[in-house]
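Peer 1: A single structure is presented below for examination.
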Amino acid sequence: MPVDAQAKYADPLPPVRGLVAVANHRGRPFPLRDVQRWINLNRLMFKVDKIDVLARHVDAHLVKTLVDYARLNTAVSAAISLRTDCSGPPPDPGLLRDAGLLDVFLTPADSDGELFYRWLDACRAAGLAVRVQLCAPFGGSLDAHALAARLKGSGVSAVNVVLYDAFEKRPQDQAATLAKINELASAVAAEGIEANIYGVPLCMVADENLPLAGNRPLFFQDHQQYDRGAYELAVKLYRRPVKRAGLALAILIAGRTPIENPLDKWVVEWLLINRPWWYCFLMLAHKVTLYSRLIKGRMPGAAESAPPEPARDTAKGPRCGSCSLRRICDGETAEFKRLLPGIDVRPRHGQLVLSPAQFSGQRQRHYDAIDALRLQAEAQRQALAEESGRLMVQQTPEVLPASRYRALNTYGEPLSGAVRWHSATHAEKLSSIVAYIRPPFIISCTFGGGIADLAGFAVGKNLRLVCPILQPSHEISLYVKKDGAYVLMRDGQPVAPARFAGPYYAPVLMPDWNEIQLSLWNVDGTITTQAVRIWKEPDAAPPEPRAKYSVVIFSTRFSRRLQAALRNLAHQEGVGPGEVEVVVGYVPGIDATDDVLESVRLVHPGLRVKRAAFPEHRVKSKGFIINESVRQATGEWVVLMDADVLLPPDFFRRVEAETAGCVFMAPDGRVMLDAETTAKVLLGEIEPWLEWRALVNGGEYRHRESEGIPIGFCQIVRNTCFEKVQYEEYEHFAVADSNFGLAMRREFGQEKRLSGMPVIHLDHGGSRWFGTRGHL
């Protein structure tokens with residue numbers, strides 16, 4: 001259920017909203033397939049949970065088609081909202097109601113126009129929640145208080161009052177614009193509606209409205225607004241010709257498949273920027289000459305000193321350098337100077353304001369159904385933060401001396417009790433490993449003496465638990481409970497981890513083992529880290545001994561078959577305590593895997609089971625999940641196994657006999673069980689470890705299939721091999737396992753086959769290379 005709440009200025013929830021358009025800036029419609037690809041890209045690349053569909057003239061049937069596509073055809077369904085400038089009449093309220101929209105975002109071309117009011121009435125009749133954006137210019141006759149009252153009566157939940165919008169090109173009325181923005185924001189807030197001001201230098205915002213105003217970074221941290229990556233892609237595609245945008249979308253989608261063309265990223269760069277046709281060939285020539293110089297050992301610019309980046313304060317305009325708001329304000333942006341060329345900013349004097357939290361007066365915030373669930377998670381984070389606060393007071397931490405770590409990919413200056421990081425690039429900066437630890441634990445570090453966009457912790461290759469830096473000094477802490485639940489804190493207050501496009505992500509649950517580094521993003525010159533402290537709860541178990549064998553199982557929506565596979569592993573012959581561990585890579589919440597793992601731990605305590613939990617958008621990413629799960633494997637040997645595979649009762653005894661001089665093994669094949677026999681195994685009527693020979697004799701024997709290449713149902717690899725060979729990371733299951741087998745052969749030679757020993761493969765109704773929507 002949507003909720004309204006009083007909230008601090010610093011928004012606790014980052015945006016999870018994407019944006020697509022059905023037509024470009026000239027009104028030329030994009031083909032339906034391109035819009036659907038765009039929706040899919042929002043989910044896969046930017047991991048958004050809801051998407052605004054921008055349409056000038058609304059076709060309710062097209063909107064319903066897109067809603068159904070997003071709900072049924074993406075890896076994880078997304079909610080669709082309609083965004084329109086009200087330039088055409090609204091559809092029948094019944095059609096709007098039946099379209100299945102999350103809500104409607106109205107950005108009227110005329111804030112006091114008849115069509116805008118008709119849209120408000122239609123949405124109210126359809127029972128749809130409404131967000132509104134009022135974009136300058138505003139006529140001098142506009143009655144701000146009357147409009148605010150009308151919005152309140154129409155059930156509007158949130159209003160943006162903005163100077164400009166990338167999707168709205170309108171002339172400005174200099175004399176009235178800034179005064180009317182302030183008047184409208186005050187009137188809307190007075191009606192108890194969430195109000196936000198964007199695009200206006202803070203010195204031009206009335207004092208009483210400062211808690212409502214935000215800069216560009218805060219726009220992309222506000223749950224009502226857009227994910228930065230999704231928004232910036234939408235701006236580029238919206239301004240491109242239809243065919244050019246479609247080609248860019250096709251290449252971006254193709255980039256998430258096994259087939260990669262190294263020229264694609266250069267072509268996309270050309271397609272998405274406003275350059276003539278010859279620019280692509282110019283850039284191609286530039287790349288070729290760049291690489292030729294690198295091959296000859298000449299690093300471009302190596303003999304020259306790079307010009308320093310402009311300081312953030314002076315880059316905002318000559319009059320902004322002395323303003324007390326300069327650290328939290330966008331200053332005189334290009335858009336401001338273009339739209340209001342006759343308006344001069346008025347620097348405010350006084351003590352320098354370092355954080356927008358200084359204007360943290362209570363104000364109204366609205367949370368839709370999706371954000372309300374995230375808000376509940378925020379309440380859980382608050383409870384964890386309070387628990388961690390008690391533990392930090394009651395227990396004595398281990399304090400890591402600065403000599404215990406260093407900056408890896410930038411210059412780090414050792415200081416007494418601290419490390420000063422120096423950076424001239426925007427890329428992530430990492431420390432060496434500061435801890436290798438299992439839950440429960442708390443780790444804390446103070447980041448100060450400078451500014452960075454994000455700071456926090458990197459866990460392994462792709463887990464990132466970082467948050468925005470809002471002022472020159474923060475203590476960032478991470479508390480992880482024994483069950484993997486965690487909270488990231490900034491100065492003792494819970495904060496949602498930053499979201500990333502691409503491979504980086506914040507986990508649903510933390511792994512059972514955590515390799516932790518400090519992480520900094522876009523350091524502004526220098527920043528210092530100090531006081532790295534680690535708390536371990538008194539009941540934290542001592543490190544477990546290394547296993548001999550680590551079984552890594554990929555399981556998404558295969559929980560019933562996973563249960564059978566784990567029961568079978570628990571009955572292996574000739575295996576001593578602690579010799580075998582199982583690492584299960586899965587996505588919590590999509591099936592019963594958590595319950596299965598807990599049951600196995602209770603019934604078979606001798607089988608060491610580790611969780612490797614991943615977010616929902618990774619549900620088909622077998623290669624990625626395997627690579628990350630292997631990082632938790634401590635065994636000398638790693639058995640990569642599908643969740644629907646049963647190993648012979650003497651499997652490890654046989655492998656042990658073959659290990660001498662070997663790094664890569666595979667079974668002799670697999671026996672495919674039929675659906676009825678599989679059902680009996682799943683229901684416990686057949687116990688495979690007791691009836692193994694009968695099962696092998698009764699199934700279809702596939703001997704060394706796939707042209708003899710060891711494929712993913714069972715591959716046995718010495719752990720050290722993963723330093724050189726890993727799974728390719730696609731958005732599906734196809735070919736990654738066979739490519740891994742071929743790569744192992746190229747690097748280490750021919751595999752050793754366990755002659756005469758097949759594994760058993762449970763039936764699941766055919767190949768599932770691209771995932772399954774059912775629960776198996």
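By order of appearance in the structure tokens: chains A, B, ..., then residues from 1 within every chain, and ligands from 1 in the order shown.
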Please identify the strand (DSSP E) residues within stretch 59-123 of chain A (assignment by DSSP from backbone atoms) and present them as a list in words.
Peer 2: Ala79, Ile80, Ser81, Leu82, Arg83, Thr84, Val104, Phe105 and Leu106 of chain A
Peer 1: For A:Gln632, please output as a list in words all residues within 10 Å (counting only C-alpha atoms; exclusion window: fewer than 3 positions along the same chain).
Peer 2: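 With the cut-off at 10 Å, the set is Gly460, Pro511, Asp512, Trp513, Asn514, Glu515, Ser550, Val552, Val582, Val583, Val584, Lys610, Arg611, Ala612, Asn627, Glu628, Ser629 and Gly635 of chain A.
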Peer 1: Write the residues of the preceding selection, restricted to N, CA, C and O atoms, as an mmCIF file, in the first residue's frame.
Peer 2:
```
data_model
loop_
_atom_site.group_PDB
_atom_site.id
_atom_site.type_symbol
_atom_site.label_atom_id
_atom_site.label_comp_id
_atom_site.auth_asym_id
_atom_site.auth_seq_id
_atom_site.Cartn_x
_atom_site.Cartn_y
_atom_site.Cartn_z
ATOM 1 N N GLY A 460 34.621 -9.140 -2.190
ATOM 2 C CA GLY A 460 34.879 -9.978 -3.341
ATOM 3 C C GLY A 460 34.933 -9.171 -4.629
ATOM 4 O O GLY A 460 35.200 -7.963 -4.642
ATOM 5 N N PRO A 511 27.450 -13.271 2.005
ATOM 6 C CA PRO A 511 27.980 -14.639 1.934
ATOM 7 C C PRO A 511 28.437 -15.144 3.303
ATOM 8 O O PRO A 511 28.560 -14.392 4.267
ATOM 9 N N ASP A 512 28.728 -16.443 3.344
ATOM 10 C CA ASP A 512 29.223 -17.032 4.581
ATOM 11 C C ASP A 512 30.681 -16.660 4.849
ATOM 12 O O ASP A 512 31.148 -16.754 5.979
ATOM 13 N N TRP A 513 31.417 -16.295 3.810
ATOM 14 C CA TRP A 513 32.781 -15.780 3.966
ATOM 15 C C TRP A 513 32.893 -14.493 3.179
ATOM 16 O O TRP A 513 32.379 -14.393 2.064
ATOM 17 N N ASN A 514 33.603 -13.496 3.736
ATOM 18 C CA ASN A 514 33.640 -12.168 3.140
ATOM 19 C C ASN A 514 35.070 -11.652 3.074
ATOM 20 O O ASN A 514 35.747 -11.506 4.101
ATOM 21 N N GLU A 515 35.514 -11.380 1.857
ATOM 22 C CA GLU A 515 36.834 -10.802 1.598
ATOM 23 C C GLU A 515 36.626 -9.302 1.387
ATOM 24 O O GLU A 515 36.105 -8.875 0.355
ATOM 25 N N SER A 550 35.034 -29.017 -2.497
ATOM 26 C CA SER A 550 33.960 -28.020 -2.462
ATOM 27 C C SER A 550 33.023 -28.285 -3.634
ATOM 28 O O SER A 550 33.445 -28.256 -4.796
ATOM 29 N N VAL A 552 30.127 -26.874 -5.754
ATOM 30 C CA VAL A 552 29.470 -25.603 -6.061
ATOM 31 C C VAL A 552 28.259 -25.897 -6.945
ATOM 32 O O VAL A 552 28.396 -26.433 -8.045
ATOM 33 N N VAL A 582 29.549 -27.681 0.671
ATOM 34 C CA VAL A 582 28.681 -27.380 -0.463
ATOM 35 C C VAL A 582 28.404 -25.883 -0.467
ATOM 36 O O VAL A 582 27.969 -25.320 0.549
ATOM 37 N N VAL A 583 28.674 -25.225 -1.600
ATOM 38 C CA VAL A 583 28.360 -23.805 -1.778
ATOM 39 C C VAL A 583 27.209 -23.725 -2.775
ATOM 40 O O VAL A 583 27.351 -24.163 -3.924
ATOM 41 N N VAL A 584 26.070 -23.194 -2.332
ATOM 42 C CA VAL A 584 24.883 -23.109 -3.182
ATOM 43 C C VAL A 584 24.705 -21.673 -3.638
ATOM 44 O O VAL A 584 24.485 -20.767 -2.821
ATOM 45 N N LYS A 610 27.183 -23.779 2.582
ATOM 46 C CA LYS A 610 27.377 -22.338 2.531
ATOM 47 C C LYS A 610 26.391 -21.707 1.544
ATOM 48 O O LYS A 610 26.152 -22.261 0.474
ATOM 49 N N ARG A 611 25.871 -20.552 1.940
ATOM 50 C CA ARG A 611 24.971 -19.812 1.056
ATOM 51 C C ARG A 611 25.769 -18.798 0.239
ATOM 52 O O ARG A 611 26.644 -18.120 0.767
ATOM 53 N N ALA A 612 25.435 -18.667 -1.039
ATOM 54 C CA ALA A 612 25.940 -17.574 -1.876
ATOM 55 C C ALA A 612 24.718 -16.963 -2.547
ATOM 56 O O ALA A 612 24.233 -17.470 -3.557
ATOM 57 N N ASN A 627 31.188 -18.182 -10.795
ATOM 58 C CA ASN A 627 32.468 -17.519 -10.504
ATOM 59 C C ASN A 627 32.478 -16.913 -9.105
ATOM 60 O O ASN A 627 33.474 -17.015 -8.372
ATOM 61 N N GLU A 628 31.368 -16.273 -8.724
ATOM 62 C CA GLU A 628 31.320 -15.651 -7.407
ATOM 63 C C GLU A 628 31.225 -16.705 -6.302
ATOM 64 O O GLU A 628 31.801 -16.533 -5.223
ATOM 65 N N SER A 629 30.503 -17.795 -6.554
ATOM 66 C CA SER A 629 30.366 -18.842 -5.540
ATOM 67 C C SER A 629 31.689 -19.565 -5.312
ATOM 68 O O SER A 629 32.012 -19.968 -4.183
ATOM 69 N N GLY A 635 37.934 -25.775 -0.711
ATOM 70 C CA GLY A 635 38.475 -27.098 -1.009
ATOM 71 C C GLY A 635 39.609 -27.065 -2.013
ATOM 72 O O GLY A 635 39.709 -26.175 -2.850
#
```
Peer 1: Leaving out stretch 470-482 of chain A and any residue of its chain fewer than 6 positions from it, which residues lie within 6 Å of it when counting only C-alpha atoms, given as a PyMOL selection string?
Peer 2: chain A and resi 354-355+439-451+488-491
Peer 1: Rounded to one decimal, what separation in Å do you get between atom CA of A:Tyr231 and atom CA of A:Leu13?
Peer 2: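 Between these atoms lies a distance of 17.1 Å.
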Peer 1: Could you name the residues that touch A:Thr425 at 9 Å or less, counting only C-alpha atoms, but leaving out those on the same chain fewer than 4 positions away, as a list in words?
Peer 2: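 Close residues of A:Thr425: Asn522, Val523, Asp524 and Gly525 of chain A.
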Peer 1: Output all heavy atoms for every residue in that selection, as a short mmCIF file (atom, residue, chain, number, x, y, z; two decimals), in the first residue's frame.
Peer 2:
```cif
data_model
loop_
_atom_site.label_atom_id
_atom_site.label_comp_id
_atom_site.auth_asym_id
_atom_site.auth_seq_id
_atom_site.Cartn_x
_atom_site.Cartn_y
_atom_site.Cartn_z
N ASN A 522 35.22 8.17 -7.44
CA ASN A 522 35.31 9.56 -7.88
C ASN A 522 35.82 10.46 -6.74
O ASN A 522 35.14 11.39 -6.29
CB ASN A 522 33.97 10.07 -8.40
CG ASN A 522 34.11 11.39 -9.15
OD1 ASN A 522 35.21 11.76 -9.56
ND2 ASN A 522 33.01 12.09 -9.33
N VAL A 523 37.02 10.18 -6.29
CA VAL A 523 37.65 10.99 -5.25
C VAL A 523 38.00 12.36 -5.83
O VAL A 523 38.60 12.46 -6.91
CB VAL A 523 38.91 10.30 -4.71
CG1 VAL A 523 39.62 11.18 -3.69
CG2 VAL A 523 38.55 8.95 -4.09
N ASP A 524 37.63 13.41 -5.11
CA ASP A 524 37.94 14.77 -5.54
C ASP A 524 39.33 15.17 -5.04
O ASP A 524 39.48 15.86 -4.03
CB ASP A 524 36.89 15.74 -4.99
CG ASP A 524 37.08 17.15 -5.53
OD1 ASP A 524 37.81 17.31 -6.52
OD2 ASP A 524 36.49 18.09 -4.96
N GLY A 525 40.35 14.67 -5.74
CA GLY A 525 41.72 15.01 -5.38
C GLY A 525 42.29 14.08 -4.33
O GLY A 525 43.05 13.16 -4.63
#
```
Peer 1: Excluding same-chain residues fewer than 2 positions from A:Asp110, what lies within 12 Å of it counting only C-alpha atoms, as a list in words?
Peer 2: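 These residues fall inside the cut-off: Asp85, Cys86, Ser87, Gly88, Leu106, Thr107, Pro108, Asp112, Gly113, Glu114, Leu115, Phe116, Tyr117, Gln133, Leu134, Cys135, Ala136, Pro137, Phe138, Gly139, Leu142, Leu147, Glu168 and Arg170 of chain A.
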Peer 1: Would you kindly return, as a ChimeraX atom specification, each protein, DNA or RNA residue with an atom no farther than 9 Å from any atom of A:Phe652, considering only C-alpha atoms and excluding same-chain residues fewer than 2 positions away?
Peer 2: /A:549,572-575,580,648-650,654-657
Peer 1: Applying 7 Å and only C-alpha atoms, which residues near A:Ser559 remain after dropping the ones on its own chain fewer than 4 positions away? List them as a PDB file with all heavy atoms, in the first residue's frame.
Peer 2:
```
ATOM      1  N   SER A 555      21.652 -22.983  -8.526  1.00  0.00           N
ATOM      2  CA  SER A 555      20.250 -23.409  -8.369  1.00  0.00           C
ATOM      3  C   SER A 555      19.331 -22.196  -8.339  1.00  0.00           C
ATOM      4  O   SER A 555      19.306 -21.452  -7.356  1.00  0.00           O
ATOM      5  CB  SER A 555      20.080 -24.223  -7.076  1.00  0.00           C
ATOM      6  OG  SER A 555      18.725 -24.617  -6.907  1.00  0.00           O
ATOM      7  N   GLN A 563      17.127 -30.226  -3.242  1.00  0.00           N
ATOM      8  CA  GLN A 563      16.956 -31.013  -2.015  1.00  0.00           C
ATOM      9  C   GLN A 563      17.391 -32.455  -2.231  1.00  0.00           C
ATOM     10  O   GLN A 563      18.090 -33.043  -1.397  1.00  0.00           O
ATOM     11  CB  GLN A 563      15.498 -30.961  -1.571  1.00  0.00           C
ATOM     12  CG  GLN A 563      15.205 -31.808  -0.345  1.00  0.00           C
ATOM     13  CD  GLN A 563      13.784 -31.605   0.162  1.00  0.00           C
ATOM     14  OE1 GLN A 563      13.427 -30.528   0.595  1.00  0.00           O
ATOM     15  NE2 GLN A 563      12.981 -32.658   0.091  1.00  0.00           N
ATOM     16  N   ASP A 591      12.171 -19.203  -4.838  1.00  0.00           N
ATOM     17  CA  ASP A 591      11.729 -20.574  -4.598  1.00  0.00           C
ATOM     18  C   ASP A 591      12.030 -20.907  -3.138  1.00  0.00           C
ATOM     19  O   ASP A 591      12.289 -20.017  -2.330  1.00  0.00           O
ATOM     20  CB  ASP A 591      12.389 -21.558  -5.578  1.00  0.00           C
ATOM     21  CG  ASP A 591      13.913 -21.579  -5.479  1.00  0.00           C
ATOM     22  OD1 ASP A 591      14.457 -21.048  -4.489  1.00  0.00           O
ATOM     23  OD2 ASP A 591      14.565 -22.127  -6.383  1.00  0.00           O
ATOM     24  N   ALA A 592      12.020 -22.202  -2.807  1.00  0.00           N
ATOM     25  CA  ALA A 592      12.152 -22.612  -1.406  1.00  0.00           C
ATOM     26  C   ALA A 592      13.582 -22.959  -1.008  1.00  0.00           C
ATOM     27  O   ALA A 592      13.801 -23.681  -0.030  1.00  0.00           O
ATOM     28  CB  ALA A 592      11.242 -23.818  -1.145  1.00  0.00           C
ATOM     29  N   THR A 593      14.574 -22.420  -1.716  1.00  0.00           N
ATOM     30  CA  THR A 593      15.960 -22.813  -1.451  1.00  0.00           C
ATOM     31  C   THR A 593      16.382 -22.515  -0.017  1.00  0.00           C
ATOM     32  O   THR A 593      17.055 -23.337   0.626  1.00  0.00           O
ATOM     33  CB  THR A 593      16.907 -22.120  -2.443  1.00  0.00           C
ATOM     34  OG1 THR A 593      16.602 -22.580  -3.774  1.00  0.00           O
ATOM     35  CG2 THR A 593      18.361 -22.425  -2.124  1.00  0.00           C
ATOM     36  N   LEU A 776      11.201 -25.993 -10.178  1.00  0.00           N
ATOM     37  CA  LEU A 776      11.572 -27.381 -10.395  1.00  0.00           C
ATOM     38  C   LEU A 776      12.330 -27.949  -9.198  1.00  0.00           C
ATOM     39  O   LEU A 776      12.680 -29.065  -9.179  1.00  0.00           O
ATOM     40  CB  LEU A 776      12.434 -27.485 -11.654  1.00  0.00           C
ATOM     41  CG  LEU A 776      11.759 -26.942 -12.931  1.00  0.00           C
ATOM     42  CD1 LEU A 776      12.756 -26.895 -14.071  1.00  0.00           C
ATOM     43  CD2 LEU A 776      10.573 -27.808 -13.319  1.00  0.00           C
TER      44      LEU A 776
END
```
Peer 1: Atom CA of A:Arg718 and atom CA of A:Val663, how far apart in Å?
Peer 2: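 Atom CA of A:Arg718 lies at a distance of 5.0 Å from atom CA of A:Val663.
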Peer 1: Please indicate the distance in Å from atom CA of A:Phe748 to atom CA of A:Ala666, rounded to one decimal place.
Peer 2: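 Distance between the two atoms: 14.0 Å.
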Peer 1: Rank nothing, just name the residue among A:Cys662, A:Ala679, A:Val353, A:Ala195 nearest to A:Cys721, using only C-alpha atoms.
Peer 2: A:Cys662
Peer 1: Determine which residues of stretch 545-738 of chain A receive a DSSP assignment of helix (DSSP H, G or I), computed from the backbone, and state them as a count of residues only.
Peer 2: 67
Peer 1: For each of A:Leu754, A:Thr720, A:Trp535, A:Gln224, take the minimum atom-to-atom distance to A:Gln395, counting only C-alpha atoms, then give the residue where this is smallest.
Peer 2: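 Selected residue with least distance to A:Gln395: A:Trp535.
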Peer 1: Which residues of stretch 346-449 of chain A have any atom within 12 Å of an atom in stretch 41-58 of chain A when counting only C-alpha atoms, and what is the closest pair of atoms for each, with the distance in Å to one decimal? Order the rows by chain and rising number and write it as a tab-separated table.
Peer 2:
```
residue	atom	partner	partner_atom	distance
A:Asp368	CA	A:Lys50	CA	10.7
A:Ala369	CA	A:Lys50	CA	10.8
A:Ile370	CA	A:Asp49	CA	7.9
A:Asp371	CA	A:Asp49	CA	9.6
A:Leu373	CA	A:Asp49	CA	11.8
A:Arg374	CA	A:Asp49	CA	11.0
```
Peer 1: Please write the residues from the selection above to a file, keeping N, CA and C atoms, as a CSV table (one decimal), in the first residue's frame.
Peer 2:
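And here is the file that came out, out.csv:
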```
chain,number,residue,atom,x,y,z
A,368,ASP,N,5.1,5.1,-3.1
A,368,ASP,CA,4.1,4.2,-3.7
A,368,ASP,C,4.3,2.8,-3.2
A,369,ALA,N,3.5,1.8,-3.7
A,369,ALA,CA,3.5,0.5,-3.2
A,369,ALA,C,4.9,-0.2,-3.2
A,370,ILE,N,5.6,0.1,-4.3
A,370,ILE,CA,7.0,-0.5,-4.4
A,370,ILE,C,7.9,0.1,-3.4
A,371,ASP,N,7.8,1.4,-3.3
A,371,ASP,CA,8.7,2.1,-2.3
A,371,ASP,C,8.3,1.9,-0.9
A,373,LEU,N,7.3,-1.0,0.3
A,373,LEU,CA,8.0,-2.2,0.7
A,373,LEU,C,9.5,-1.9,1.0
A,374,ARG,N,10.1,-1.1,0.2
A,374,ARG,CA,11.5,-0.7,0.5
A,374,ARG,C,11.6,0.0,1.8
```
Peer 1: Counting only C-alpha atoms, which residue out of A:Val508, A:Leu249, A:Ala452, A:Ala736 sits closest to A:Arg33?
Peer 2: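 Closest to A:Arg33, using only C-alpha atoms: A:Leu249.
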